[in-house]
>>> print(open('my_file-v3.txt').read())   # compact mmCIF, C-alpha atoms
# COMPACT_ATOMS: atom_id res chain seq x y z
CA MET E 1 76.44 94.97 89.54
CA ALA E 2 76.43 95.11 93.33
CA LYS E 3 74.30 97.85 94.85
CA PRO E 4 75.07 97.89 98.57
CA LYS E 5 72.23 99.19 100.69
CA ARG E 6 73.05 102.60 102.17
CA LYS E 7 72.64 102.67 105.94
CA LEU E 8 73.36 106.25 106.99
CA ILE E 9 71.27 109.25 105.92
CA TYR E 10 73.02 112.45 104.78
CA ASP E 11 70.55 114.88 106.31
CA GLU E 12 70.69 113.13 109.69
CA ILE E 13 74.46 113.40 110.07
CA SER E 14 76.35 116.31 111.58
CA GLN E 15 79.97 117.16 112.13
CA GLY E 16 81.04 115.89 115.55
CA ASP E 17 78.66 112.90 115.52
CA GLU E 18 80.36 109.83 116.95
CA ALA E 19 79.72 106.19 116.10
CA ALA E 20 79.28 103.95 119.15
CA SER E 21 82.68 102.81 120.42
CA VAL E 22 83.41 99.09 120.18
CA SER E 23 86.02 97.30 122.29
CA HIS E 24 87.93 94.07 121.68
CA ALA E 25 90.33 92.29 124.02
CA LEU E 26 93.28 91.17 121.90
CA THR E 27 94.37 87.55 122.30
CA ARG E 28 97.21 85.43 120.89
CA THR E 29 94.53 83.31 119.22
CA ASP E 30 93.37 86.41 117.32
CA LEU E 31 96.88 86.79 115.92
CA VAL E 32 97.15 83.14 114.93
CA ALA E 33 93.75 83.25 113.19
CA TYR E 34 94.67 86.46 111.39
CA ALA E 35 98.05 85.07 110.36
CA GLY E 36 96.34 82.08 108.79
CA ALA E 37 93.60 84.09 107.11
CA SER E 38 95.96 86.72 105.70
CA GLY E 39 99.05 84.70 104.90
CA ASP E 40 101.23 86.92 107.11
CA LEU E 41 103.12 84.27 109.05
CA ASN E 42 105.78 86.62 110.46
CA PRO E 43 106.80 84.82 113.69
CA MET E 44 106.83 88.13 115.57
CA HIS E 45 103.02 87.81 115.56
CA THR E 46 102.59 84.12 116.28
CA ASP E 47 105.71 82.61 117.83
CA GLU E 48 106.15 83.84 121.41
CA VAL E 49 109.51 82.06 121.83
CA ALA E 50 110.90 83.78 118.72
CA ALA E 51 109.48 87.19 119.66
CA VAL E 52 110.97 87.07 123.15
CA ALA E 53 114.30 85.83 121.78
CA ALA E 54 114.23 88.89 119.50
CA GLY E 55 113.99 91.10 122.57
CA LEU E 56 110.26 91.81 122.56
CA PRO E 57 108.03 91.39 125.62
CA SER E 58 105.75 89.06 123.64
CA VAL E 59 104.29 88.61 120.18
CA PHE E 60 102.62 91.79 118.90
CA GLY E 61 99.62 92.26 116.67
CA HIS E 62 99.63 92.75 112.91
CA GLY E 63 98.90 96.37 112.10
CA MET E 64 96.55 95.08 109.41
CA PHE E 65 94.61 93.09 112.01
CA SER E 66 93.90 96.37 113.81
CA MET E 67 92.95 98.01 110.52
CA GLY E 68 90.61 95.10 109.80
CA LEU E 69 89.06 95.36 113.27
CA LEU E 70 88.42 99.09 112.89
CA GLY E 71 87.17 98.37 109.36
CA ARG E 72 84.55 96.03 110.81
CA VAL E 73 83.26 98.80 113.09
CA LEU E 74 83.21 101.21 110.13
CA THR E 75 81.12 98.83 108.03
CA ASP E 76 78.81 98.10 110.98
CA TRP E 77 78.27 101.88 111.22
CA ALA E 78 77.89 102.70 107.52
CA GLY E 79 76.80 99.32 106.10
CA VAL E 80 78.99 96.79 104.25
CA GLY E 81 79.99 98.07 100.82
CA ASN E 82 79.71 101.76 101.66
CA LEU E 83 83.34 102.59 102.38
CA ALA E 84 84.79 104.95 99.76
CA GLU E 85 88.15 105.64 101.40
CA TYR E 86 89.97 104.29 104.43
CA ARG E 87 93.49 105.23 105.50
CA VAL E 88 95.48 104.85 108.71
CA ARG E 89 98.89 105.45 110.18
CA PHE E 90 100.14 102.70 112.49
CA THR E 91 101.36 104.61 115.52
CA LYS E 92 101.98 101.95 118.19
CA GLN E 93 102.17 98.18 118.23
CA THR E 94 99.35 96.21 119.85
CA TRP E 95 99.97 93.52 122.45
CA PRO E 96 97.86 90.54 123.57
CA GLY E 97 95.98 91.43 126.73
CA GLU E 98 95.22 94.97 125.62
CA VAL E 99 91.63 96.09 125.17
CA LEU E 100 91.40 97.94 121.86
CA SER E 101 88.59 100.47 121.42
CA THR E 102 87.44 102.35 118.35
CA ARG E 103 86.67 106.03 117.91
CA ILE E 104 84.91 107.34 114.81
CA VAL E 105 84.05 111.05 114.68
CA VAL E 106 82.32 112.77 111.75
CA THR E 107 84.40 115.61 110.33
CA GLY E 108 82.21 116.68 107.42
CA LYS E 109 79.98 115.72 104.53
CA ARG E 110 79.88 116.52 100.82
CA GLU E 111 78.35 115.51 97.50
CA SER E 112 80.88 114.27 94.94
CA ASP E 113 80.41 112.57 91.53
CA GLY E 114 76.73 111.95 92.27
CA ARG E 115 77.51 110.29 95.62
CA LYS E 116 76.81 111.65 99.09
CA LEU E 117 79.86 111.18 101.30
CA VAL E 118 80.50 111.58 105.01
CA THR E 119 84.09 111.90 106.24
CA ALA E 120 85.31 110.85 109.66
CA ASP E 121 88.44 110.73 111.73
CA VAL E 122 89.07 107.18 112.93
CA GLN E 123 91.21 105.81 115.70
CA LEU E 124 91.96 102.65 117.66
CA HIS E 125 93.33 103.02 121.19
CA ASN E 126 94.00 100.80 124.18
CA GLN E 127 92.60 100.89 127.71
CA ASP E 128 95.14 103.60 128.69
CA GLY E 129 94.25 105.83 125.75
CA GLU E 130 97.40 104.93 123.82
CA ILE E 131 96.60 105.40 120.16
CA LYS E 132 97.42 102.36 118.00
CA LEU E 133 96.21 103.61 114.70
CA SER E 134 94.91 106.93 113.51
CA GLY E 135 93.44 107.97 110.22
CA SER E 136 90.33 108.84 108.28
CA ALA E 137 87.52 107.32 106.26
CA ALA E 138 84.85 108.43 103.82
CA VAL E 139 81.55 106.55 103.64
CA VAL E 140 78.75 106.66 101.09
CA VAL E 141 75.36 107.56 102.55
CA ALA E 142 71.79 107.91 101.34
CA MET S 1 125.36 103.40 102.39
CA PRO S 2 122.42 105.39 101.03
CA ILE S 3 119.96 103.63 98.73
CA ASP S 4 119.98 104.97 95.17
CA LYS S 5 116.44 106.31 94.90
CA ASN S 6 116.62 106.44 91.12
CA GLU S 7 117.19 102.73 91.06
CA VAL S 8 113.83 101.75 92.56
CA VAL S 9 111.24 104.50 92.12
CA GLY S 10 108.83 103.47 89.37
CA LYS S 11 109.89 99.82 89.50
CA PRO S 12 107.12 97.22 89.57
CA THR S 13 106.51 95.15 92.68
CA GLY S 14 104.54 92.50 90.84
CA ALA S 15 101.38 91.57 88.97
CA ALA S 16 98.77 88.91 89.67
CA LYS S 17 95.40 87.63 88.53
CA ILE S 18 93.32 87.09 91.65
CA HIS S 19 90.17 85.03 92.01
CA ILE S 20 88.00 86.26 94.88
CA GLU S 21 86.43 83.20 96.49
CA ARG S 22 83.94 83.00 99.33
CA GLY S 23 85.94 80.57 101.49
CA PRO S 24 88.97 82.82 102.01
CA VAL S 25 86.70 85.89 102.27
CA SER S 26 84.62 84.26 105.02
CA ARG S 27 87.70 83.14 106.98
CA PHE S 28 89.22 86.60 106.67
CA ALA S 29 86.06 88.28 107.95
CA ALA S 30 86.01 85.95 110.97
CA ALA S 31 89.70 86.64 111.57
CA VAL S 32 89.09 90.40 111.83
CA THR S 33 86.24 89.62 114.28
CA ASP S 34 83.39 90.43 111.89
CA THR S 35 80.37 88.18 112.47
CA ASN S 36 78.11 89.96 109.98
CA PRO S 37 76.11 87.21 108.21
CA VAL S 38 76.77 88.80 104.79
CA TYR S 39 80.25 87.25 104.98
CA THR S 40 79.01 83.67 105.39
CA ASP S 41 75.46 83.54 104.02
CA LEU S 42 74.79 84.25 100.35
CA ASP S 43 71.11 84.98 101.04
CA ALA S 44 72.14 87.63 103.56
CA ALA S 45 74.67 89.05 101.11
CA ARG S 46 72.03 89.32 98.38
CA ALA S 47 69.58 90.97 100.77
CA ALA S 48 72.29 93.54 101.47
CA GLY S 49 72.62 94.33 97.77
CA PHE S 50 75.50 92.08 96.70
CA GLU S 51 75.72 89.36 94.05
CA GLY S 52 78.32 87.33 95.91
CA ILE S 53 79.89 87.36 99.36
CA PRO S 54 81.34 90.89 99.82
CA ALA S 55 84.98 91.26 100.79
CA PRO S 56 85.80 93.02 104.09
CA PRO S 57 87.52 96.42 103.65
CA THR S 58 91.11 95.24 104.08
CA PHE S 59 90.74 91.93 102.22
CA THR S 60 92.49 92.96 99.00
CA PHE S 61 95.73 93.43 100.97
CA ALA S 62 95.72 89.65 101.55
CA ALA S 63 93.69 88.48 98.53
CA ARG S 64 96.66 87.39 96.46
CA VAL S 65 97.71 84.78 99.01
CA PHE S 66 94.59 82.70 98.34
CA GLY S 67 93.42 83.87 94.96
CA ALA S 68 96.46 83.77 92.67
CA PHE S 69 96.31 80.40 90.93
CA ALA S 70 99.59 79.21 89.49
CA GLU S 71 98.22 78.25 86.07
CA ASP S 72 96.79 81.62 85.02
CA GLN S 73 99.15 84.30 86.24
CA PRO S 74 100.18 87.22 84.00
CA PRO S 75 103.82 87.61 82.96
CA ASP S 76 106.05 88.87 85.76
CA PRO S 77 106.70 92.59 85.13
CA THR S 78 109.71 92.56 87.45
CA GLY S 79 111.59 90.11 85.28
CA GLY S 80 112.21 88.06 88.40
CA ARG S 81 113.62 90.90 90.50
CA ASN S 82 112.04 91.62 93.87
CA TYR S 83 112.80 95.34 94.14
CA MET S 84 110.92 95.82 97.39
CA GLY S 85 112.69 92.81 98.91
CA GLU S 86 116.08 94.05 97.72
CA VAL S 87 115.62 97.50 99.22
CA MET S 88 114.33 96.06 102.49
CA GLY S 89 117.16 93.52 102.53
CA MET S 90 119.75 96.29 102.14
CA LEU S 91 118.17 98.26 104.97
CA MET S 92 117.73 95.26 107.29
CA ALA S 93 121.40 94.37 106.82
CA GLU S 94 122.10 97.62 108.69
CA GLY S 95 120.05 96.36 111.64
CA GLY S 96 116.86 97.84 113.02
CA LEU S 97 113.20 97.12 112.40
CA VAL S 98 110.92 97.31 109.36
CA LEU S 99 107.39 98.36 110.21
CA HIS S 100 104.21 98.97 108.23
CA GLY S 101 103.83 102.74 108.53
CA GLU S 102 100.67 103.75 106.70
CA GLN S 103 98.00 102.02 104.64
CA GLU S 104 95.33 103.48 102.42
CA PHE S 105 92.45 101.94 100.46
CA ILE S 106 90.40 103.80 97.85
CA TYR S 107 87.31 101.78 96.90
CA HIS S 108 86.06 102.44 93.36
CA LYS S 109 83.69 99.44 93.17
CA PRO S 110 82.64 96.70 95.63
CA VAL S 111 84.72 93.51 95.75
CA GLN S 112 82.75 90.26 96.05
CA SER S 113 83.22 86.53 95.60
CA GLY S 114 83.17 85.55 91.95
CA ASP S 115 85.19 88.63 90.94
CA VAL S 116 88.51 88.27 89.15
CA LEU S 117 90.89 91.16 89.85
CA TYR S 118 94.11 92.09 88.09
CA GLN S 119 96.70 93.43 90.55
CA GLU S 120 99.67 95.58 89.59
CA GLY S 121 102.03 97.27 92.01
CA LYS S 122 104.95 99.64 91.84
CA ILE S 123 107.32 101.54 94.12
CA THR S 124 106.39 105.22 94.04
CA ASP S 125 108.86 106.84 96.43
CA ILE S 126 111.76 106.31 98.80
CA TYR S 127 113.11 108.90 101.23
CA SER S 128 114.88 109.20 104.57
CA LYS S 129 114.35 111.36 107.63
CA GLU S 130 116.40 111.88 110.77
CA SER S 131 114.34 111.87 113.96
CA LYS S 132 115.65 111.82 117.53
CA GLY S 133 118.98 110.37 116.48
CA LYS S 134 117.34 107.63 114.42
CA THR S 135 117.34 107.32 110.65
CA MET S 136 113.97 106.41 109.20
CA THR S 137 113.72 105.27 105.57
CA PHE S 138 110.27 105.26 103.97
CA LEU S 139 109.43 103.01 101.02
CA VAL S 140 106.11 103.95 99.40
CA MET S 141 104.18 101.60 97.16
CA GLU S 142 100.97 101.74 95.15
CA THR S 143 98.90 98.73 94.07
CA VAL S 144 95.89 98.91 91.77
CA PHE S 145 93.31 96.14 91.43
CA LYS S 146 91.40 96.31 88.13
CA ASP S 147 88.53 94.30 86.69
CA ALA S 148 88.58 92.45 83.36
CA ALA S 149 87.57 95.66 81.57
CA GLY S 150 90.61 97.41 82.99
CA GLU S 151 88.55 99.61 85.34
CA PRO S 152 90.05 100.27 88.78
CA VAL S 153 88.24 98.49 91.61
CA VAL S 154 90.54 99.22 94.58
CA THR S 155 93.68 101.37 94.83
CA GLU S 156 96.02 100.72 97.76
CA ARG S 157 98.90 102.86 98.89
CA PHE S 158 101.17 101.94 101.74
CA ASN S 159 104.58 102.60 103.15
CA LEU S 160 107.11 100.50 104.98
CA ILE S 161 109.41 102.24 107.43
CA HIS S 162 112.88 101.03 108.28
CA ARG S 163 114.08 102.46 111.56
CA LYS S 164 117.55 102.16 113.07
>>> encode(input="my_file-v3.txt", output="C-alpha cells")
Amino acid sequence: MAKPKRKLIYDEISQGDEAASVSHALTRTDLVAYAGASGDLNPMHTDEVAAVAAGLPSVFGHGMFSMGLLGRVLTDWAGVGNLAEYRVRFTKQTWPGEVLSTRIVVTGKRESDGRKLVTADVQLHNQDGEIKLSGSAAVVVA
Amino acid sequence: MPIDKNEVVGKPTGAAKIHIERGPVSRFAAAVTDTNPVYTDLDAARAAGFEGIPAPPTFTFAARVFGAFAEDQPPDPTGGRNYMGEVMGMLMAEGGLVLHGEQEFIYHKPVQSGDVLYQEGKITDIYSKESKGKTMTFLVMETVFKDAAGEPVVTERFNLIHRK
C-alpha cells in the first residue's frame, strides 16, 4: 500500500499562506506533446491551419493541460500523492505565447477521517491577470 | 429542439478495465511539464513512499486511452449507444461550441503503475441556462475508478458546456 510522504506540516500552515507562484510560457509544442500523451487529438489544439479556418486566431490549449500544469505546482507544494481533492472551472482559453502563472492561497485547515487537510483556492492566470482556470484543492499534511 | 433530459440522465457513458503502466504515466507527467524524478525513476518513487511510479493528479482523465487493452474489457453497459456523443451531436448540429466547463477529482487512494482500475461513468444531469442572449446547455458526468476489491480510488466529475 502506497504511503506518500507528507511534505507540509499542519501546525505551520495558516489561512492566507501562499505557495510560491510558478510561471510557464505556453508553446505549440506543449500542446502537441499533451495531445499525444493524453489522446486528445482535437485539431483545435494542434492544427493551426484548421483552427484558423474555424475562425480562431490560432490553436488554443487543452483545458486539461492547464489543469495538469497547476496540478504539478500543487504536488510540488504538498508532495506527490497528497492531493485529496482538486477541482477547477475553465474560465478562459489559453493561447500559445501566453505566460501562465499559478496562484495557490490557503483558505483553511481541518482534521477529517483521521487525516489532516489544508484547503486552498487555486488559479492559473496569464501575464495580464486574465484568469484561465479557477478552483480549489485539499491536500493531506502531516 | 430541447433535449429530453429524462432520456439521458442516469445513462452510462461506458466502462473499462484500465492497466496503469509506467510508460504512459511518465510521458503524461512530462507533457504537463512535471520533471519530478518520481515519475521516471522507480527508486525515487519508492523513496517518496510509492510502490510503483505514481500517476500525476489529472492522469486518470486520460488513462483509458493507453490502459484499456482490447482483450480484457468488461461488457459495454451502454449496449453500444454513445449517449454523451448523441447529446453533443444534437447540440452541435445547432451550431456553436462545446467546451469543457468544470472538472473535479476526488482522490480516495493513490494511483500508481501496476494498478488495475475499473472505470464506470454515467450522465448525472443536463440543464440549460440563458445568458447574455446565448443558450448554454450543461451536460454533467461522473466517472468512478475502483480497484479489484470494488473500493473507489478516484471519483471524477465534469461538465461539458454547449454554447450558441
>>> closest_residue(input="my_file-v3.txt", among="E:Thr46, E:Ser101, E:Ser58, E:Asn82", to="chain S", atoms="all atoms listed in the file")
E:Asn82
>>> residues_around(input="my_file-v3.txt", residues="segment 60-77 of chain S", least_positions_apart="5", cutoff="10 Å", atoms="all atoms listed in the file", output="mmCIF file with C-alpha atoms, keeping the file's coordinate frame")
data_model
loop_
_atom_site.group_PDB
_atom_site.id
_atom_site.type_symbol
_atom_site.label_atom_id
_atom_site.label_comp_id
_atom_site.auth_asym_id
_atom_site.auth_seq_id
_atom_site.Cartn_x
_atom_site.Cartn_y
_atom_site.Cartn_z
ATOM 1 C CA ALA E 37 93.600 84.090 107.110
ATOM 2 C CA SER E 38 95.960 86.720 105.700
ATOM 3 C CA GLY E 39 99.050 84.700 104.900
ATOM 4 C CA ASP E 40 101.230 86.920 107.110
ATOM 5 C CA MET E 64 96.550 95.080 109.410
ATOM 6 C CA LYS S 11 109.890 99.820 89.500
ATOM 7 C CA PRO S 12 107.120 97.220 89.570
ATOM 8 C CA THR S 13 106.510 95.150 92.680
ATOM 9 C CA GLY S 14 104.540 92.500 90.840
ATOM 10 C CA ALA S 15 101.380 91.570 88.970
ATOM 11 C CA ALA S 16 98.770 88.910 89.670
ATOM 12 C CA LYS S 17 95.400 87.630 88.530
ATOM 13 C CA ILE S 18 93.320 87.090 91.650
ATOM 14 C CA HIS S 19 90.170 85.030 92.010
ATOM 15 C CA ILE S 20 88.000 86.260 94.880
ATOM 16 C CA GLU S 21 86.430 83.200 96.490
ATOM 17 C CA GLY S 23 85.940 80.570 101.490
ATOM 18 C CA PRO S 24 88.970 82.820 102.010
ATOM 19 C CA VAL S 25 86.700 85.890 102.270
ATOM 20 C CA PHE S 28 89.220 86.600 106.670
ATOM 21 C CA ALA S 55 84.980 91.260 100.790
ATOM 22 C CA GLN S 103 98.000 102.020 104.640
ATOM 23 C CA PHE S 105 92.450 101.940 100.460
ATOM 24 C CA VAL S 111 84.720 93.510 95.750
ATOM 25 C CA VAL S 116 88.510 88.270 89.150
ATOM 26 C CA LEU S 117 90.890 91.160 89.850
ATOM 27 C CA TYR S 118 94.110 92.090 88.090
ATOM 28 C CA GLN S 119 96.700 93.430 90.550
ATOM 29 C CA GLU S 120 99.670 95.580 89.590
ATOM 30 C CA GLY S 121 102.030 97.270 92.010
ATOM 31 C CA LYS S 122 104.950 99.640 91.840
ATOM 32 C CA THR S 143 98.900 98.730 94.070
ATOM 33 C CA VAL S 144 95.890 98.910 91.770
ATOM 34 C CA PHE S 145 93.310 96.140 91.430
ATOM 35 C CA VAL S 154 90.540 99.220 94.580
ATOM 36 C CA THR S 155 93.680 101.370 94.830
ATOM 37 C CA GLU S 156 96.020 100.720 97.760
#
>>> closest_residue(input="my_file-v3.txt", among="E:Gly129, E:Pro43, E:Gly97, E:Gly135", to="chain S", atoms="only C-alpha atoms")
E:Gly135
>>> residues_around(input="my_file-v3.txt", residues="segment 81-98 of chain S", least_positions_apart="3", cutoff="8 Å", atoms="only C-alpha atoms", output="ChimeraX atom specification")
/S:3,8,11-13,78,123,160-164
>>> atom_distance(input="my_file-v3.txt", atom1="atom CA of Lys3 of chain E", atom2="atom CA of Ala137 of chain E")
19.9 Å
>>> closest_residue(input="my_file-v3.txt", among="E:Val32, E:Val88, E:Val106, E:Val99", to="Glu18 of chain E", atoms="all atoms listed in the file")
E:Val106
>>> atom_distance(input="my_file-v3.txt", atom1="atom CA of Thr91 of chain E", atom2="atom CA of Leu69 of chain E")
15.6 Å
>>> atom_distance(input="my_file-v3.txt", atom1="atom CA of Pro110 of chain S", atom2="atom CA of Ser66 of chain E")
21.4 Å
>>> interface_residues(input="my_file-v3.txt", of="chain E", to="chain S", cutoff="9 Å", atoms="all atoms listed in the file", output="PyMOL selection string")
chain E and resi 1-5+24+30-40+63-73+75-76+79-91
>>> closest_residue(input="my_file-v3.txt", among="E:Thr29, E:Thr119, E:Thr102, E:Ser23", to="Ala78 of chain E", atoms="only C-alpha atoms")
E:Thr119
>>> axis_aligned_box(input="my_file-v3.txt", around="segment 77-95 of chain E", padding_each_side="8 Å", output="AutoDock Vina command-line options")
--center_x 89.5 --center_y 99.6 --center_z 111.1 --size_x 41.4 --size_y 28.1 --size_z 38.7
